[in-house]
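Colleague: Mind looking over this structure? Questions follow.
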Amino acid sequence: MNKVGAVIVTYNPKVGLKKRVNLILSQVCFIVIIDNSDSKAISVELDELEHESRSVSVFRNNENMGMAKALNQGCARLYDKGFNQALLMDQDSTLTTGMVKVLREHSEQDKKCGIIGPLIFPEGIELNAIKSKLRFVKKIPPFFFARISPLDVPFQVAFNITSGSLCDLAIWNELGGFWEDLFIDGVDNEYGLRLLSRGYRTLIHPGAVLYQNYGMQRRVHFLGKNYFPTFHGGSRRYYAARNRVLIWKRYCFSQPFYLVWDFMSFINTLKLILLFEDNKAKKIFYILIGLKDGFLNRRGRFDG
C-alpha cells in the first residue's frame, strides 16, 4: 500500500484552516504546510497546528514564493520521508469522506497515473446549477480536443486542477517537479501537459468529490443561461495571461491541441470580464501587460 501524505499551501488564510487540516489528517498520515504568508497574523494558528500534532509540519517562506515552488517544497519533504504519494491541497478546499482512499486505491492499480483528481464543485454555488457546466479537456491526437462530461468510471483528461489531486511522487521527481517560473496560474495545466508528453496519465475519479472556495466566483443568470465569472483581480489576470503565453511557447509543437483549446478559453474569459465583471479596463490592462511579458519571456513573481 502506498504511503500518502499531504501538502497544503497557505497564503494569509482566513478562518477555518484548522478544521480543514484536521479533516485532511483523518485521511492521510502526515501533513506538510508550506506557508507563503507575508502576514504575521497567521503564525499563531500555524504554531498551534504544529504543536497539537506530530503529524503536522509547518515550513514558513515568510513571503509569497508562488504556488509552484510551495508545492515542490512540500513534495520534496514528503519524498525525502519516504512517502509515495502527495495529496495536494490549497487552504480553501474541503475534502469529502473517503476521498483520498478512492483516489489511492485506483492510482495503485495504474502505474502510468501521474496524478489523479476528484470532481471539484465550488462552495456556495448550487450543485445542480454548476454540475451541467462541468467539462474536462481530452486530447484527440494530434491537433484536436474534446470537452467531455464526467463519466461513471475513472477517465483520462489532458490536465486537472491541482487542489485535491493525488500526485505520484516518483513521477513528480522524474519530471523535475512543477514549473516554478509560472509562480501561480497554469501550473496544473503545464504539469498535465508534461505528464502527457512523457507517456503518463492524468485521471479524474467520479467517485471522489472536493469542494473548493473560488473566492468571488458566483453564478450569473443571463439570457436564460448560467455563467460563472471568477472576478479575479488584476494581478491574477496578469499571471493567467503571461503564463498561457509561456505554456503556448513550450508546447506549441508537442501538444498543439492545447493552443487551440486555451485560445478559446482565453476568449471566453474576456467575454465574461466584459459582460459581468467590475474594473473591466483595469483587468484588460493587466491582461495586455501579461501577454506582452509572456512574449518577452518574463517569469517569476510580478511586482506590479
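So you can find residues: chains in the C-alpha cells are A, B, ... in the order shown, residues in each start at 1, and ligands are numbered from 1 in order.
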Would you give me, as a tab-separated table, each residue of segment 94-148 of chain A having an atom within 8 Å of an atom of segment 161-169 of chain A, along with its shortest atom pair and that distance in Å to one decimal, using only C-alpha atoms and sorting by chain and residue number?
Modeller:
residue	atom	partner	partner_atom	distance
A:Leu95	CA	A:Gly164	CA	7.5
A:Val100	CA	A:Leu166	CA	7.7
A:Leu103	CA	A:Leu166	CA	6.8
A:Arg104	CA	A:Leu166	CA	7.3
A:Cys113	CA	A:Asp168	CA	7.5
A:Gly114	CA	A:Asp168	CA	5.4
A:Ile115	CA	A:Cys167	CA	4.5
A:Ile116	CA	A:Leu166	CA	5.3
A:Gly117	CA	A:Ser165	CA	4.1
A:Pro118	CA	A:Gly164	CA	6.5
Colleague: Just write the chosen residues, N, CA and C atoms, as an mmCIF file, in the first residue's frame.
Modeller:
data_model
loop_
_atom_site.group_PDB
_atom_site.id
_atom_site.type_symbol
_atom_site.label_atom_id
_atom_site.label_comp_id
_atom_site.auth_asym_id
_atom_site.auth_seq_id
_atom_site.Cartn_x
_atom_site.Cartn_y
_atom_site.Cartn_z
ATOM 1 N N LEU A 95 -12.257 18.386 1.815
ATOM 2 C CA LEU A 95 -12.414 17.001 1.401
ATOM 3 C C LEU A 95 -13.790 16.468 1.778
ATOM 4 N N VAL A 100 -9.659 10.423 -0.294
ATOM 5 C CA VAL A 100 -8.278 10.003 -0.510
ATOM 6 C C VAL A 100 -8.198 8.502 -0.766
ATOM 7 N N LEU A 103 -9.131 7.738 -4.384
ATOM 8 C CA LEU A 103 -8.069 8.109 -5.318
ATOM 9 C C LEU A 103 -6.875 7.163 -5.201
ATOM 10 N N ARG A 104 -6.494 6.840 -3.971
ATOM 11 C CA ARG A 104 -5.319 5.988 -3.762
ATOM 12 C C ARG A 104 -5.528 4.591 -4.327
ATOM 13 N N CYS A 113 -0.275 6.394 -14.006
ATOM 14 C CA CYS A 113 -1.058 7.513 -13.478
ATOM 15 C C CYS A 113 -0.136 8.463 -12.728
ATOM 16 N N GLY A 114 0.123 9.628 -13.323
ATOM 17 C CA GLY A 114 0.988 10.612 -12.676
ATOM 18 C C GLY A 114 0.260 11.435 -11.647
ATOM 19 N N ILE A 115 -1.032 11.668 -11.890
ATOM 20 C CA ILE A 115 -1.831 12.455 -10.953
ATOM 21 C C ILE A 115 -3.299 12.103 -11.178
ATOM 22 N N ILE A 116 -4.057 11.988 -10.085
ATOM 23 C CA ILE A 116 -5.476 11.658 -10.169
ATOM 24 C C ILE A 116 -6.245 12.595 -9.252
ATOM 25 N N GLY A 117 -7.322 13.163 -9.774
ATOM 26 C CA GLY A 117 -8.064 14.147 -9.014
ATOM 27 C C GLY A 117 -9.535 13.808 -8.884
ATOM 28 N N PRO A 118 -10.237 14.522 -8.023
ATOM 29 C CA PRO A 118 -11.663 14.315 -7.814
ATOM 30 C C PRO A 118 -12.492 15.226 -8.716
#
Colleague: For segment 279-289 of chain A, please output as a list in words all residues within 9 Å (counting only C-alpha atoms; exclusion window: fewer than 4 positions along the same chain).
Modeller: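 Skipping anything fewer than 4 positions along the chain leaves His232, Gly233, Gly234, Ser235, Arg236, Arg237, Tyr238, Tyr239, Ala240, Ala241, Arg242, Leu270, Ile273, Leu274, Asp293 and Gly294 of chain A.
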Colleague: I need the residues in segment 140-264 of chain A that are strand (DSSP E) according to DSSP; give them as a PyMOL selection string.
Modeller: chain A and resi 140+144-148+155-157+165-168+201-212+220-222+225-227
Colleague: Would you give me, as a Markdown table, each residue of segment 53-136 of chain A having an atom within 8 Å of an atom of segment 174-187 of chain A, along with its shortest atom pair and that distance in Å to one decimal, using only C-alpha atoms and sorting by chain and residue number?
Modeller:
| residue | atom | partner | partner_atom | distance |
| --- | --- | --- | --- | --- |
| A:Met65 | CA | A:Phe183 | CA | 7.3 |
| A:Gly66 | CA | A:Phe183 | CA | 4.4 |
| A:Met67 | CA | A:Ile184 | CA | 5.3 |
| A:Ala68 | CA | A:Glu180 | CA | 4.8 |
| A:Lys69 | CA | A:Glu180 | CA | 5.2 |
| A:Leu71 | CA | A:Phe178 | CA | 7.4 |
| A:Asn72 | CA | A:Gly177 | CA | 6.0 |
Colleague: Create the file for the chosen residues now, containing N, CA and C atoms and written as a PDB file, in the first residue's frame.
Modeller:
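Written out: selection_20.pdb:
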ATOM      1  N   MET A  65       6.132  32.907  -2.275  1.00  0.00           N
ATOM      2  CA  MET A  65       7.066  32.312  -3.216  1.00  0.00           C
ATOM      3  C   MET A  65       6.355  31.675  -4.404  1.00  0.00           C
ATOM      4  N   GLY A  66       5.035  31.739  -4.414  1.00  0.00           N
ATOM      5  CA  GLY A  66       4.285  31.172  -5.530  1.00  0.00           C
ATOM      6  C   GLY A  66       3.804  29.762  -5.238  1.00  0.00           C
ATOM      7  N   MET A  67       2.734  29.373  -5.927  1.00  0.00           N
ATOM      8  CA  MET A  67       2.142  28.057  -5.725  1.00  0.00           C
ATOM      9  C   MET A  67       3.080  26.936  -6.167  1.00  0.00           C
ATOM     10  N   ALA A  68       3.715  27.087  -7.334  1.00  0.00           N
ATOM     11  CA  ALA A  68       4.545  26.011  -7.871  1.00  0.00           C
ATOM     12  C   ALA A  68       5.723  25.688  -6.949  1.00  0.00           C
ATOM     13  N   LYS A  69       6.417  26.711  -6.488  1.00  0.00           N
ATOM     14  CA  LYS A  69       7.568  26.480  -5.599  1.00  0.00           C
ATOM     15  C   LYS A  69       7.117  25.861  -4.289  1.00  0.00           C
ATOM     16  N   LEU A  71       4.478  23.984  -3.726  1.00  0.00           N
ATOM     17  CA  LEU A  71       4.147  22.581  -3.958  1.00  0.00           C
ATOM     18  C   LEU A  71       5.406  21.729  -4.042  1.00  0.00           C
ATOM     19  N   ASN A  72       6.414  22.237  -4.724  1.00  0.00           N
ATOM     20  CA  ASN A  72       7.677  21.496  -4.829  1.00  0.00           C
ATOM     21  C   ASN A  72       8.355  21.347  -3.472  1.00  0.00           C
TER      22      ASN A  72
END
Colleague: Interatomic distance between atom CA of Asn160 of chain A and atom CA of Ile34 of chain A?
Modeller: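 Between atom CA of Asn160 of chain A and atom CA of Ile34 of chain A the gap is 21.4 Å.
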Colleague: For Leu193 of chain A, which of A:Leu223, A:Val21, A:Ile140, A:Ala158 is the closest residue, counting only C-alpha atoms?
Modeller: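 Ranked by minimum distance to Leu193 of chain A, first place goes to A:Ala158.
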Colleague: With distances taken over only C-alpha atoms, which of A:Tyr251, A:Tyr11, A:Phe263, A:Phe302 is nearest to Asp92 of chain A?
Modeller: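 Using only C-alpha atoms, Asp92 of chain A sits closest to A:Tyr11.
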